[in-house]
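Asker: Just one file: work-v7.cif, with mmCIF, C-alpha atoms.
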```
data_work
loop_
_atom_site.label_atom_id
_atom_site.label_comp_id
_atom_site.auth_asym_id
_atom_site.auth_seq_id
_atom_site.Cartn_x
_atom_site.Cartn_y
_atom_site.Cartn_z
CA MET N 28 99.31 89.71 113.49
CA THR N 29 101.79 90.88 116.12
CA THR N 30 104.19 93.79 116.44
CA ASP N 31 106.83 94.60 119.00
CA GLY N 32 105.33 98.02 119.64
CA PRO N 33 101.73 98.98 120.34
CA ALA N 34 99.06 97.39 118.11
CA PRO N 35 98.59 99.38 114.88
CA ARG N 36 95.65 101.73 115.06
CA ARG N 37 93.00 101.43 112.34
CA ARG N 38 92.15 105.13 112.37
CA GLY N 39 93.76 108.44 113.24
CA ARG N 40 97.34 109.59 113.02
CA PRO N 41 100.05 107.04 112.21
CA SER N 42 101.66 105.65 115.34
CA ARG N 43 105.27 106.57 115.94
CA THR N 44 106.37 102.95 116.15
CA ALA N 45 104.99 101.97 112.76
CA LYS N 46 106.40 105.16 111.27
CA GLU N 47 109.89 104.15 112.29
CA GLY N 48 109.60 101.02 110.15
CA GLY N 49 111.19 97.59 110.41
CA PRO N 50 110.24 94.09 109.26
CA ASP N 51 107.10 94.07 111.43
CA THR N 52 105.94 97.29 109.82
CA ARG N 53 106.27 95.82 106.35
CA ASP N 54 104.27 92.81 107.47
CA THR N 55 101.63 95.00 109.14
CA ILE N 56 101.23 97.05 105.95
CA LEU N 57 101.03 93.93 103.80
CA ARG N 58 98.32 92.33 105.93
CA ALA N 59 96.39 95.60 106.04
CA ALA N 60 96.68 95.80 102.25
CA ARG N 61 95.37 92.28 101.81
CA ALA N 62 92.41 93.04 104.07
CA GLU N 63 91.70 96.31 102.26
CA PHE N 64 91.79 94.69 98.80
CA ALA N 65 89.59 91.84 100.06
CA GLU N 66 87.05 94.16 101.68
CA ARG N 67 86.91 97.02 99.20
CA GLY N 68 88.12 95.50 95.95
CA TYR N 69 90.95 96.69 93.76
CA ASP N 70 89.20 99.82 92.57
CA LYS N 71 88.28 101.32 95.91
CA THR N 72 91.52 100.46 97.68
CA SER N 73 94.10 103.25 97.89
CA VAL N 74 97.62 103.51 99.26
CA ARG N 75 96.24 106.13 101.65
CA GLY N 76 93.54 103.72 102.87
CA ILE N 77 96.06 100.92 103.33
CA ALA N 78 98.31 103.28 105.30
CA ARG N 79 95.39 104.31 107.49
CA ALA N 80 94.41 100.68 108.16
CA ALA N 81 98.01 99.81 109.01
CA GLY N 82 98.44 102.92 111.18
CA VAL N 83 101.39 104.21 109.18
CA ASP N 84 102.24 107.15 106.96
CA PRO N 85 101.39 106.61 103.25
CA ALA N 86 105.04 107.38 102.46
CA LEU N 87 105.99 104.21 104.31
CA VAL N 88 103.67 102.14 102.07
CA HIS N 89 105.40 103.65 99.05
CA HIS N 90 108.79 103.05 100.66
CA TYR N 91 108.18 99.34 101.20
CA PHE N 92 106.08 98.47 98.16
CA GLY N 93 106.00 101.32 95.62
CA THR N 94 102.77 101.87 93.69
CA LYS N 95 99.28 100.54 94.44
CA ASP N 96 99.83 97.84 91.79
CA GLU N 97 102.98 96.76 93.56
CA VAL N 98 101.20 96.56 96.91
CA PHE N 99 98.51 94.51 95.17
CA ALA N 100 101.15 92.17 93.73
CA ALA N 101 102.63 91.66 97.20
CA ALA N 102 99.16 91.02 98.66
CA VAL N 103 98.44 88.48 95.89
CA GLU N 104 101.74 86.80 96.67
CA LEU N 105 100.88 86.65 100.37
CA SER N 106 97.47 85.13 99.54
CA PHE N 107 99.09 82.48 97.39
CA GLU N 108 101.69 81.65 100.05
CA PRO N 109 99.82 78.47 101.10
CA ALA N 110 100.17 77.35 97.48
CA LEU N 111 103.91 77.06 97.96
CA VAL N 112 103.22 73.61 99.42
CA LEU N 113 101.90 72.51 96.00
CA PRO N 114 105.20 71.09 94.72
CA SER N 115 105.40 68.84 97.78
CA ILE N 116 101.78 67.76 97.22
CA LEU N 117 102.61 66.94 93.61
CA GLY N 118 105.85 65.25 94.60
CA GLY N 119 104.17 62.33 96.41
CA PRO N 120 103.06 59.04 94.84
CA PRO N 121 101.79 59.81 91.31
CA ASP N 122 98.81 57.44 91.49
CA ASP N 123 96.71 59.69 93.71
CA MET N 124 98.16 63.07 92.71
CA GLY N 125 94.77 64.18 91.37
CA GLU N 126 93.06 63.33 94.62
CA ARG N 127 95.67 65.09 96.77
CA LEU N 128 95.48 68.18 94.60
CA ALA N 129 91.67 68.27 94.55
CA ARG N 130 91.57 67.89 98.34
CA TYR N 131 94.14 70.65 98.78
CA PHE N 132 92.21 73.09 96.55
CA ILE N 133 88.83 72.35 98.06
CA GLY N 134 90.40 72.71 101.53
CA VAL N 135 91.76 76.16 100.67
CA TRP N 136 88.38 77.26 99.28
CA GLU N 137 86.38 75.75 102.14
CA ASN N 138 88.33 77.76 104.71
CA PRO N 139 86.86 81.29 104.83
CA VAL N 140 90.22 82.71 105.94
CA SER N 141 92.01 81.54 102.80
CA ARG N 142 88.92 81.91 100.58
CA ALA N 143 88.30 85.64 101.14
CA PRO N 144 91.58 86.97 99.69
CA LEU N 145 91.43 84.54 96.75
CA LEU N 146 87.90 85.66 95.88
CA ALA N 147 89.04 89.27 96.15
CA ILE N 148 91.91 88.59 93.76
CA MET N 149 89.58 86.85 91.31
CA ARG N 150 87.08 89.72 91.43
CA SER N 151 89.84 92.28 90.94
CA ALA N 152 91.39 90.40 88.03
CA LEU N 153 88.01 90.03 86.32
CA THR N 154 87.20 93.71 86.58
CA HIS N 155 90.57 95.48 86.32
CA GLU N 156 93.13 94.97 83.62
CA LYS N 157 95.99 95.97 85.95
CA ALA N 158 94.93 93.40 88.51
CA ALA N 159 94.72 90.78 85.75
CA ASP N 160 98.28 91.75 84.73
CA VAL N 161 99.49 91.16 88.27
CA LEU N 162 97.75 87.81 88.53
CA ARG N 163 99.00 86.74 85.11
CA GLY N 164 102.56 87.66 86.02
CA PHE N 165 102.39 86.02 89.40
CA VAL N 166 100.44 82.90 88.45
CA LEU N 167 102.62 82.26 85.45
CA ARG N 168 105.99 83.17 86.86
CA ARG N 169 105.74 81.57 90.25
CA LEU N 170 103.02 79.06 90.65
CA LEU N 171 102.21 77.35 87.36
CA GLU N 172 105.80 77.08 86.20
CA ARG N 173 106.85 75.63 89.51
CA ILE N 174 104.06 73.06 89.31
CA ALA N 175 104.78 72.35 85.63
CA ALA N 176 108.43 71.67 86.42
CA ASP N 177 107.36 68.71 88.55
CA LEU N 178 105.13 67.13 85.90
CA ASP N 179 106.32 64.37 83.59
CA VAL N 180 103.92 65.06 80.70
CA PRO N 181 104.03 66.99 77.42
CA ASP N 182 102.90 70.66 77.68
CA PRO N 183 103.03 70.64 81.49
CA THR N 184 102.13 74.32 81.89
CA LEU N 185 99.05 74.00 79.68
CA ARG N 186 97.96 70.95 81.69
CA ALA N 187 98.55 72.73 84.98
CA GLU N 188 96.41 75.58 83.66
CA LEU N 189 93.60 73.25 82.65
CA ALA N 190 93.64 71.73 86.15
CA ALA N 191 93.70 75.22 87.70
CA SER N 192 90.89 76.41 85.44
CA HIS N 193 88.64 73.62 86.72
CA MET N 194 89.29 74.58 90.35
CA ILE N 195 88.68 78.27 89.54
CA GLY N 196 85.37 77.45 87.86
CA ILE N 197 84.24 75.31 90.78
CA ALA N 198 85.07 78.20 93.11
CA VAL N 199 82.95 80.56 90.98
CA LEU N 200 79.90 78.28 90.85
CA ARG N 201 80.13 76.91 94.42
CA TYR N 202 81.26 79.91 96.48
CA VAL N 203 80.23 82.97 94.45
CA VAL N 204 77.17 82.09 92.35
CA ARG N 205 76.29 79.34 94.87
CA ALA N 206 74.59 77.23 92.25
CA GLU N 207 72.92 74.16 93.74
CA PRO N 208 73.52 71.27 94.16
CA LEU N 209 77.23 72.13 93.81
CA ALA N 210 77.08 74.80 96.53
CA SER N 211 75.85 72.32 99.15
CA ALA N 212 77.68 69.22 97.94
CA ASP N 213 79.91 67.50 100.47
CA PRO N 214 83.54 68.58 99.87
CA GLU N 215 84.72 64.96 99.78
CA ARG N 216 82.13 64.18 97.10
CA ILE N 217 83.54 66.98 94.94
CA VAL N 218 87.08 65.73 95.58
CA ALA N 219 86.06 62.23 94.48
CA MET N 220 84.45 63.48 91.26
CA VAL N 221 87.14 65.99 90.33
CA ALA N 222 90.24 63.93 91.26
CA PRO N 223 90.20 61.75 88.09
CA THR N 224 90.07 64.90 85.94
CA LEU N 225 93.12 66.44 87.62
CA GLN N 226 94.87 63.07 87.58
CA ARG N 227 94.37 62.81 83.82
CA TYR N 228 95.63 66.35 83.11
CA LEU N 229 98.68 66.02 85.33
CA THR N 230 99.84 62.47 84.68
CA GLU N 231 98.45 60.93 81.46
CA ARG N 232 100.86 61.30 78.59
CA MET E 244 68.89 95.22 65.03
CA THR E 245 66.03 96.62 62.94
CA THR E 246 62.91 98.62 63.71
CA ASP E 247 59.98 99.59 61.51
CA GLY E 248 60.40 103.27 62.33
CA PRO E 249 63.51 105.41 62.33
CA ALA E 250 66.65 103.89 63.89
CA PRO E 251 66.75 104.45 67.67
CA ARG E 252 68.88 107.43 68.61
CA ARG E 253 71.64 106.90 71.16
CA ARG E 254 71.35 110.39 72.67
CA GLY E 255 68.83 113.17 73.06
CA ARG E 256 65.09 113.03 73.51
CA PRO E 257 63.33 109.69 73.05
CA SER E 258 61.99 109.25 69.52
CA ARG E 259 58.23 109.22 69.15
CA THR E 260 58.24 105.82 67.45
CA ALA E 261 60.07 104.05 70.26
CA LYS E 262 57.89 105.83 72.80
CA GLU E 263 54.82 104.31 71.23
CA GLY E 264 56.09 100.81 71.97
CA GLY E 265 55.60 97.48 70.22
CA PRO E 266 57.58 94.24 69.96
CA ASP E 267 60.47 95.98 68.18
CA THR E 268 60.74 98.49 71.00
CA ARG E 269 61.04 95.74 73.57
CA ASP E 270 63.77 94.14 71.49
CA THR E 271 65.55 97.47 71.01
CA ILE E 272 65.51 98.10 74.76
CA LEU E 273 66.75 94.60 75.51
CA ARG E 274 69.68 94.82 73.11
CA ALA E 275 70.56 98.26 74.42
CA ALA E 276 70.43 96.86 77.96
CA ARG E 277 72.73 93.99 77.06
CA ALA E 278 75.21 96.41 75.48
CA GLU E 279 75.06 98.75 78.49
CA PHE E 280 75.62 95.94 81.01
CA ALA E 281 78.47 94.59 78.86
CA GLU E 282 80.14 97.99 78.46
CA ARG E 283 79.59 99.53 81.88
CA GLY E 284 79.08 96.58 84.18
CA TYR E 285 76.14 95.93 86.46
CA ASP E 286 76.98 98.68 88.92
CA LYS E 287 77.22 101.60 86.51
CA THR E 288 74.28 100.61 84.34
CA SER E 289 70.99 102.37 85.08
CA VAL E 290 67.47 102.12 83.69
CA ARG E 291 67.88 105.75 82.63
CA GLY E 292 71.10 104.92 80.74
CA ILE E 293 69.48 101.93 79.04
CA ALA E 294 66.54 104.12 78.02
CA ARG E 295 68.91 106.73 76.61
CA ALA E 296 70.85 104.11 74.63
CA ALA E 297 67.61 102.67 73.26
CA GLY E 298 66.18 106.11 72.47
CA VAL E 299 63.09 105.58 74.64
CA ASP E 300 61.56 107.02 77.76
CA PRO E 301 62.74 105.32 81.01
CA ALA E 302 59.07 104.63 81.80
CA LEU E 303 58.98 102.32 78.79
CA VAL E 304 61.91 100.29 80.17
CA HIS E 305 60.00 99.91 83.44
CA HIS E 306 56.86 99.04 81.50
CA TYR E 307 58.47 96.20 79.58
CA PHE E 308 60.91 94.85 82.16
CA GLY E 309 60.32 96.33 85.62
CA THR E 310 63.36 97.01 87.82
CA LYS E 311 67.03 97.15 86.83
CA ASP E 312 67.42 93.59 88.15
CA GLU E 313 64.63 92.44 85.89
CA VAL E 314 66.20 94.11 82.86
CA PHE E 315 69.45 92.42 83.83
CA ALA E 316 67.70 89.04 84.05
CA ALA E 317 66.23 89.55 80.56
CA ALA E 318 69.65 90.58 79.21
CA VAL E 319 71.22 87.47 80.78
CA GLU E 320 68.52 85.36 79.19
CA LEU E 321 69.17 86.95 75.78
CA SER E 322 72.91 86.28 76.17
CA PHE E 323 72.25 82.64 76.99
CA GLU E 324 69.87 82.23 74.05
CA PRO E 325 72.50 80.41 71.96
CA ALA E 326 72.72 77.90 74.83
CA LEU E 327 69.19 76.75 74.05
CA VAL E 328 70.75 74.53 71.39
CA LEU E 329 72.55 72.60 74.15
CA PRO E 330 69.90 69.89 74.53
CA SER E 331 70.16 69.09 70.83
CA ILE E 332 73.97 68.98 71.14
CA LEU E 333 73.64 66.61 74.07
CA GLY E 334 70.98 64.58 72.28
CA GLY E 335 73.33 63.25 69.57
CA PRO E 336 75.43 60.06 69.77
CA PRO E 337 76.62 59.70 73.37
CA ASP E 338 80.16 58.58 72.46
CA ASP E 339 81.37 62.02 71.45
CA MET E 340 79.07 64.13 73.62
CA GLY E 341 82.06 65.57 75.51
CA GLU E 342 83.74 66.62 72.29
CA ARG E 343 80.62 68.26 70.85
CA LEU E 344 80.03 70.13 74.09
CA ALA E 345 83.64 71.30 74.40
CA ARG E 346 83.62 72.50 70.78
CA TYR E 347 80.32 74.32 71.31
CA PHE E 348 81.59 76.13 74.43
CA ILE E 349 84.96 77.09 72.98
CA GLY E 350 83.14 78.31 69.86
CA VAL E 351 80.88 80.57 71.93
CA TRP E 352 83.85 81.97 73.86
CA GLU E 353 86.05 82.36 70.76
CA ASN E 354 83.44 84.58 69.09
CA PRO E 355 83.82 88.13 70.48
CA VAL E 356 80.12 88.83 69.82
CA SER E 357 78.94 86.05 72.12
CA ARG E 358 81.91 86.38 74.49
CA ALA E 359 81.40 90.02 75.50
CA PRO E 360 77.98 89.65 77.16
CA LEU E 361 79.01 86.41 78.89
CA LEU E 362 82.10 88.06 80.34
CA ALA E 363 79.95 90.98 81.47
CA ILE E 364 77.56 88.60 83.21
CA MET E 365 80.43 86.79 84.89
CA ARG E 366 81.99 90.06 86.07
CA SER E 367 78.64 91.28 87.37
CA ALA E 368 77.88 88.04 89.19
CA LEU E 369 81.31 88.03 90.82
CA THR E 370 81.00 91.58 92.10
CA HIS E 371 77.28 92.04 92.81
CA GLU E 372 75.13 89.79 94.93
CA LYS E 373 71.98 90.74 93.00
CA ALA E 374 73.59 89.83 89.71
CA ALA E 375 74.72 86.52 91.22
CA ASP E 376 71.11 85.92 92.30
CA VAL E 377 69.90 86.46 88.75
CA LEU E 378 72.53 84.16 87.28
CA ARG E 379 71.84 81.50 89.92
CA GLY E 380 68.12 81.62 89.21
CA PHE E 381 68.57 81.56 85.47
CA VAL E 382 71.39 79.04 85.25
CA LEU E 383 69.65 76.66 87.62
CA ARG E 384 66.09 77.02 86.46
CA ARG E 385 66.61 77.08 82.72
CA LEU E 386 69.89 75.84 81.53
CA LEU E 387 71.37 73.29 83.93
CA GLU E 388 68.10 71.56 84.67
CA ARG E 389 67.31 71.29 81.00
CA ILE E 390 70.73 69.77 80.34
CA ALA E 391 70.48 67.50 83.37
CA ALA E 392 67.13 66.16 82.16
CA ASP E 393 68.90 64.72 79.11
CA LEU E 394 71.64 62.95 81.05
CA ASP E 395 71.45 59.29 81.98
CA VAL E 396 73.73 59.44 85.05
CA PRO E 397 73.25 59.79 88.82
CA ASP E 398 73.26 63.43 90.10
CA PRO E 399 72.90 64.86 86.60
CA THR E 400 72.67 68.50 87.76
CA LEU E 401 75.85 68.23 89.84
CA ARG E 402 77.63 66.69 86.87
CA ALA E 403 76.34 69.38 84.52
CA GLU E 404 77.64 71.96 86.99
CA LEU E 405 81.07 70.34 87.16
CA ALA E 406 81.24 70.40 83.35
CA ALA E 407 80.08 74.02 83.31
CA SER E 408 82.56 74.98 86.03
CA HIS E 409 85.44 73.74 83.88
CA MET E 410 84.33 75.82 80.91
CA ILE E 411 83.88 78.88 83.14
CA GLY E 412 87.38 78.46 84.58
CA ILE E 413 88.91 78.08 81.11
CA ALA E 414 87.13 81.28 80.08
CA VAL E 415 88.60 83.11 83.11
CA LEU E 416 92.18 81.97 82.51
CA ARG E 417 92.14 82.12 78.69
CA TYR E 418 90.08 85.21 77.92
CA VAL E 419 90.29 87.38 81.05
CA VAL E 420 93.59 86.66 82.82
CA ARG E 421 95.07 85.55 79.46
CA ALA E 422 97.46 83.15 81.13
CA GLU E 423 99.86 81.56 78.65
CA PRO E 424 100.11 79.04 77.09
CA LEU E 425 96.35 78.57 77.52
CA ALA E 426 95.54 82.02 76.11
CA SER E 427 97.25 81.27 72.78
CA ALA E 428 96.50 77.55 72.55
CA ASP E 429 94.70 76.39 69.41
CA PRO E 430 90.97 76.06 70.17
CA GLU E 431 90.91 72.52 68.73
CA ARG E 432 93.77 71.55 71.04
CA ILE E 433 91.74 72.70 74.04
CA VAL E 434 88.69 70.84 72.74
CA ALA E 435 90.76 67.65 72.42
CA MET E 436 92.12 67.94 75.96
CA VAL E 437 88.87 68.95 77.64
CA ALA E 438 86.46 66.64 75.78
CA PRO E 439 87.33 63.50 77.82
CA THR E 440 86.67 65.42 81.05
CA LEU E 441 83.21 66.53 79.93
CA GLN E 442 82.53 63.07 78.52
CA ARG E 443 83.29 61.50 81.89
CA TYR E 444 81.12 63.93 83.87
CA LEU E 445 78.15 63.64 81.52
CA THR E 446 78.13 59.95 80.65
CA GLU E 447 80.11 57.77 83.07
CA ARG E 448 77.89 56.24 85.69
#
```
Written as structure tokens, that's how I'd like the structure from this file.
Answerer:
Amino acid sequence: MTTDGPAPRRRGRPSRTAKEGGPDTRDTILRAARAEFAERGYDKTSVRGIARAAGVDPALVHHYFGTKDEVFAAAVELSFEPALVLPSILGGPPDDMGERLARYFIGVWENPVSRAPLLAIMRSALTHEKAADVLRGFVLRRLLERIAADLDVPDPTLRAELAASHMIGIAVLRYVVRAEPLASADPERIVAMVAPTLQRYLTER
Amino acid sequence: MTTDGPAPRRRGRPSRTAKEGGPDTRDTILRAARAEFAERGYDKTSVRGIARAAGVDPALVHHYFGTKDEVFAAAVELSFEPALVLPSILGGPPDDMGERLARYFIGVWENPVSRAPLLAIMRSALTHEKAADVLRGFVLRRLLERIAADLDVPDPTLRAELAASHMIGIAVLRYVVRAEPLASADPERIVAMVAPTLQRYLTER
């Protein structure tokens, strides 16, 4: 995270630079929001707290994003940004699409930097209806439909959801509940076992 | 829920009957605990609140179950009681094991009475480390190992967990996030699509 002005302060009065706004300010607020939601959860995160973490005035958070739900939606979108490569992953040779997809998902979950915000989103969606709304809107509108558009099967969105559901469930058991032996299994072993499932959902007519 | 004495009161002083204890009292407390955890979540549920809902003295809750975590563990166990039929489901003809299992799981999730406590457990485990501990201990010790013992494949516990992870993920997307078209898909359609996945995990060597 970089800004042209002084680094945003995590406590105290908003810095003048951030207050003046600009594209860097929006980015600073967004990254602070993502960190706040990930650390505190949806419930305990406030626009005021995000503003404090970003070193800006709360009015600036409202100016750029609107309500808390809208900041959350933007933070979800930021967290799913790596997923924008999915169409190119799916666009390769169809014979090992399942394997590529499984490896991509496991890679995202294995990396603590990308895992933390995704877990936070999952926790928020499971415990707060508004957060579930945001995820539903985002997941449906952006991600699943984009993936489904690239699939040459009947009911592509349903199939994309079944594939996604499997990866979500693995994340729950492996990274949250940490049920053994799944929690300690070698990532490549999971990829090898899961790939045929994803392959079937995404390619078999 | 029945008791020999007067029905347990939800508010006010503990009734004398419940205070005196007995197998019905334990059952009354347990069902009240399950309802409290389901309604309020792990965090906001207290031994005092459970006692109030069951119409007993908090000391009686401690007497039968111990700490809040131990009441939670017993409530989890009660919620997973229907799952004790799983070995008999798995014990039938191996050719349609995946289909029987998929139909069993979707049936449990489709029924609001069995769904509510399972969702509560999932929410609690995702947001509270202690609840995740309980689920990990229970799921591993009782359920998955029992299922794995009936499977004639290498790494049976890992395979049982992969099957379980898929059903958990479907529950998240269909019943919590309510992502369409999965949320509105006919249960039998989901069973038909998911059965081959479970079949492969549980039977293919």
Asker: Taking the point (66.7, 89.5, 94.1) as given in the file, collect each protein or nucleic acid residue that comes within 12 Å of it, counting only C-alpha atoms, and present the set as a PyMOL selection string.
Answerer: chain E and resi 310-313+315-316+371-381
Asker: Starting from the shown file, work through the PyMOL selection byres ((chain E) within 6 of (chain N)) and note down what comes out as a short mmCIF file (atom, residue, chain, number, x, y, z; two decimals) with C-alpha atoms, in the coordinates of the input.
Answerer:
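In the end it all went to out-v3.cif:
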```cif
data_model
loop_
_atom_site.label_atom_id
_atom_site.label_comp_id
_atom_site.auth_asym_id
_atom_site.auth_seq_id
_atom_site.Cartn_x
_atom_site.Cartn_y
_atom_site.Cartn_z
CA ALA E 375 74.72 86.52 91.22
CA ARG E 379 71.84 81.50 89.92
CA LEU E 401 75.85 68.23 89.84
CA SER E 408 82.56 74.98 86.03
CA HIS E 409 85.44 73.74 83.88
CA ILE E 411 83.88 78.88 83.14
CA GLY E 412 87.38 78.46 84.58
CA ILE E 413 88.91 78.08 81.11
CA VAL E 420 93.59 86.66 82.82
CA ALA E 422 97.46 83.15 81.13
CA PRO E 424 100.11 79.04 77.09
CA LEU E 425 96.35 78.57 77.52
CA THR E 440 86.67 65.42 81.05
#
```
Asker: Hey, what comes out of the PyMOL selection byres ((chain E and resi 327) around 12) on this file? Could you write it as a count of residues only?
Answerer: 21
Asker: Figure out the distance between CA of Asp70 in chain N and CA of His90 in chain N, please, to one decimal in Å.
Answerer: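 Going from CA of His90 in chain N over to CA of Asp70 in chain N, I get 21.4 Å.
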Asker: Just the number, please: distance in Å from CA of Pro85 in chain N to CA of Arg142 in chain N, one decimal.
Answerer: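 Computing it gives 27.8 Å between the two atoms.
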Asker: How far is it from CA of Asp300 in chain E to CA of Glu282 in chain E, in Å with one decimal?
Answerer: 20.7 Å
Asker: Using the atoms already present, construct N, CA, C and O atoms for range 76-92 of chain N and hand them back as a PDB file, in the frame of the given file.
Answerer:
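What landed in result-v4.pdb:
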```
ATOM      1  N   GLY N  76      94.409 104.561 102.040  1.00  0.00           N
ATOM      2  CA  GLY N  76      93.540 103.720 102.870  1.00  0.00           C
ATOM      3  C   GLY N  76      94.297 102.578 103.527  1.00  0.00           C
ATOM      4  O   GLY N  76      94.049 102.229 104.687  1.00  0.00           O
ATOM      5  N   ILE N  77      95.231 102.000 102.779  1.00  0.00           N
ATOM      6  CA  ILE N  77      96.060 100.920 103.330  1.00  0.00           C
ATOM      7  C   ILE N  77      96.897 101.469 104.489  1.00  0.00           C
ATOM      8  O   ILE N  77      96.992 100.846 105.551  1.00  0.00           O
ATOM      9  N   ALA N  78      97.481 102.654 104.261  1.00  0.00           N
ATOM     10  CA  ALA N  78      98.310 103.280 105.300  1.00  0.00           C
ATOM     11  C   ALA N  78      97.477 103.531 106.549  1.00  0.00           C
ATOM     12  O   ALA N  78      97.910 103.251 107.679  1.00  0.00           O
ATOM     13  N   ARG N  79      96.260 104.023 106.351  1.00  0.00           N
ATOM     14  CA  ARG N  79      95.390 104.310 107.490  1.00  0.00           C
ATOM     15  C   ARG N  79      95.082 103.024 108.256  1.00  0.00           C
ATOM     16  O   ARG N  79      95.172 102.977 109.486  1.00  0.00           O
ATOM     17  N   ALA N  80      94.738 101.963 107.508  1.00  0.00           N
ATOM     18  CA  ALA N  80      94.410 100.680 108.160  1.00  0.00           C
ATOM     19  C   ALA N  80      95.611 100.106 108.905  1.00  0.00           C
ATOM     20  O   ALA N  80      95.458  99.458 109.941  1.00  0.00           O
ATOM     21  N   ALA N  81      96.805 100.363 108.374  1.00  0.00           N
ATOM     22  CA  ALA N  81      98.010  99.810 109.010  1.00  0.00           C
ATOM     23  C   ALA N  81      98.527 100.740 110.114  1.00  0.00           C
ATOM     24  O   ALA N  81      99.445 100.367 110.848  1.00  0.00           O
ATOM     25  N   GLY N  82      97.977 101.960 110.180  1.00  0.00           N
ATOM     26  CA  GLY N  82      98.440 102.920 111.180  1.00  0.00           C
ATOM     27  C   GLY N  82      99.820 103.487 110.860  1.00  0.00           C
ATOM     28  O   GLY N  82     100.624 103.730 111.753  1.00  0.00           O
ATOM     29  N   VAL N  83     100.094 103.649 109.569  1.00  0.00           N
ATOM     30  CA  VAL N  83     101.390 104.210 109.180  1.00  0.00           C
ATOM     31  C   VAL N  83     101.188 105.375 108.212  1.00  0.00           C
ATOM     32  O   VAL N  83     100.078 105.602 107.721  1.00  0.00           O
ATOM     33  N   ASP N  84     102.273 106.064 107.934  1.00  0.00           N
ATOM     34  CA  ASP N  84     102.240 107.150 106.960  1.00  0.00           C
ATOM     35  C   ASP N  84     102.219 106.556 105.545  1.00  0.00           C
ATOM     36  O   ASP N  84     102.910 105.561 105.291  1.00  0.00           O
ATOM     37  N   PRO N  85     101.417 107.131 104.623  1.00  0.00           N
ATOM     38  CA  PRO N  85     101.390 106.610 103.250  1.00  0.00           C
ATOM     39  C   PRO N  85     102.784 106.514 102.621  1.00  0.00           C
ATOM     40  O   PRO N  85     103.036 105.603 101.819  1.00  0.00           O
ATOM     41  N   ALA N  86     103.683 107.422 103.021  1.00  0.00           N
ATOM     42  CA  ALA N  86     105.040 107.380 102.460  1.00  0.00           C
ATOM     43  C   ALA N  86     105.737 106.057 102.771  1.00  0.00           C
ATOM     44  O   ALA N  86     106.556 105.567 101.990  1.00  0.00           O
ATOM     45  N   LEU N  87     105.375 105.479 103.906  1.00  0.00           N
ATOM     46  CA  LEU N  87     105.990 104.210 104.310  1.00  0.00           C
ATOM     47  C   LEU N  87     105.488 103.060 103.406  1.00  0.00           C
ATOM     48  O   LEU N  87     106.241 102.136 103.091  1.00  0.00           O
ATOM     49  N   VAL N  88     104.208 103.140 103.004  1.00  0.00           N
ATOM     50  CA  VAL N  88     103.670 102.140 102.070  1.00  0.00           C
ATOM     51  C   VAL N  88     104.447 102.228 100.755  1.00  0.00           C
ATOM     52  O   VAL N  88     104.881 101.204 100.200  1.00  0.00           O
ATOM     53  N   HIS N  89     104.633 103.456 100.285  1.00  0.00           N
ATOM     54  CA  HIS N  89     105.400 103.650  99.050  1.00  0.00           C
ATOM     55  C   HIS N  89     106.834 103.156  99.219  1.00  0.00           C
ATOM     56  O   HIS N  89     107.409 102.533  98.335  1.00  0.00           O
ATOM     57  N   HIS N  90     107.409 103.446 100.384  1.00  0.00           N
ATOM     58  CA  HIS N  90     108.790 103.050 100.660  1.00  0.00           C
ATOM     59  C   HIS N  90     108.957 101.525 100.559  1.00  0.00           C
ATOM     60  O   HIS N  90     109.893 101.030  99.927  1.00  0.00           O
ATOM     61  N   TYR N  91     108.037 100.797 101.180  1.00  0.00           N
ATOM     62  CA  TYR N  91     108.180  99.340 101.200  1.00  0.00           C
ATOM     63  C   TYR N  91     107.733  98.680  99.899  1.00  0.00           C
ATOM     64  O   TYR N  91     108.280  97.652  99.502  1.00  0.00           O
ATOM     65  N   PHE N  92     106.682  99.213  99.272  1.00  0.00           N
ATOM     66  CA  PHE N  92     106.080  98.470  98.160  1.00  0.00           C
ATOM     67  C   PHE N  92     106.041  99.228  96.830  1.00  0.00           C
ATOM     68  O   PHE N  92     105.912  98.602  95.794  1.00  0.00           O
TER      69      PHE N  92
END
```
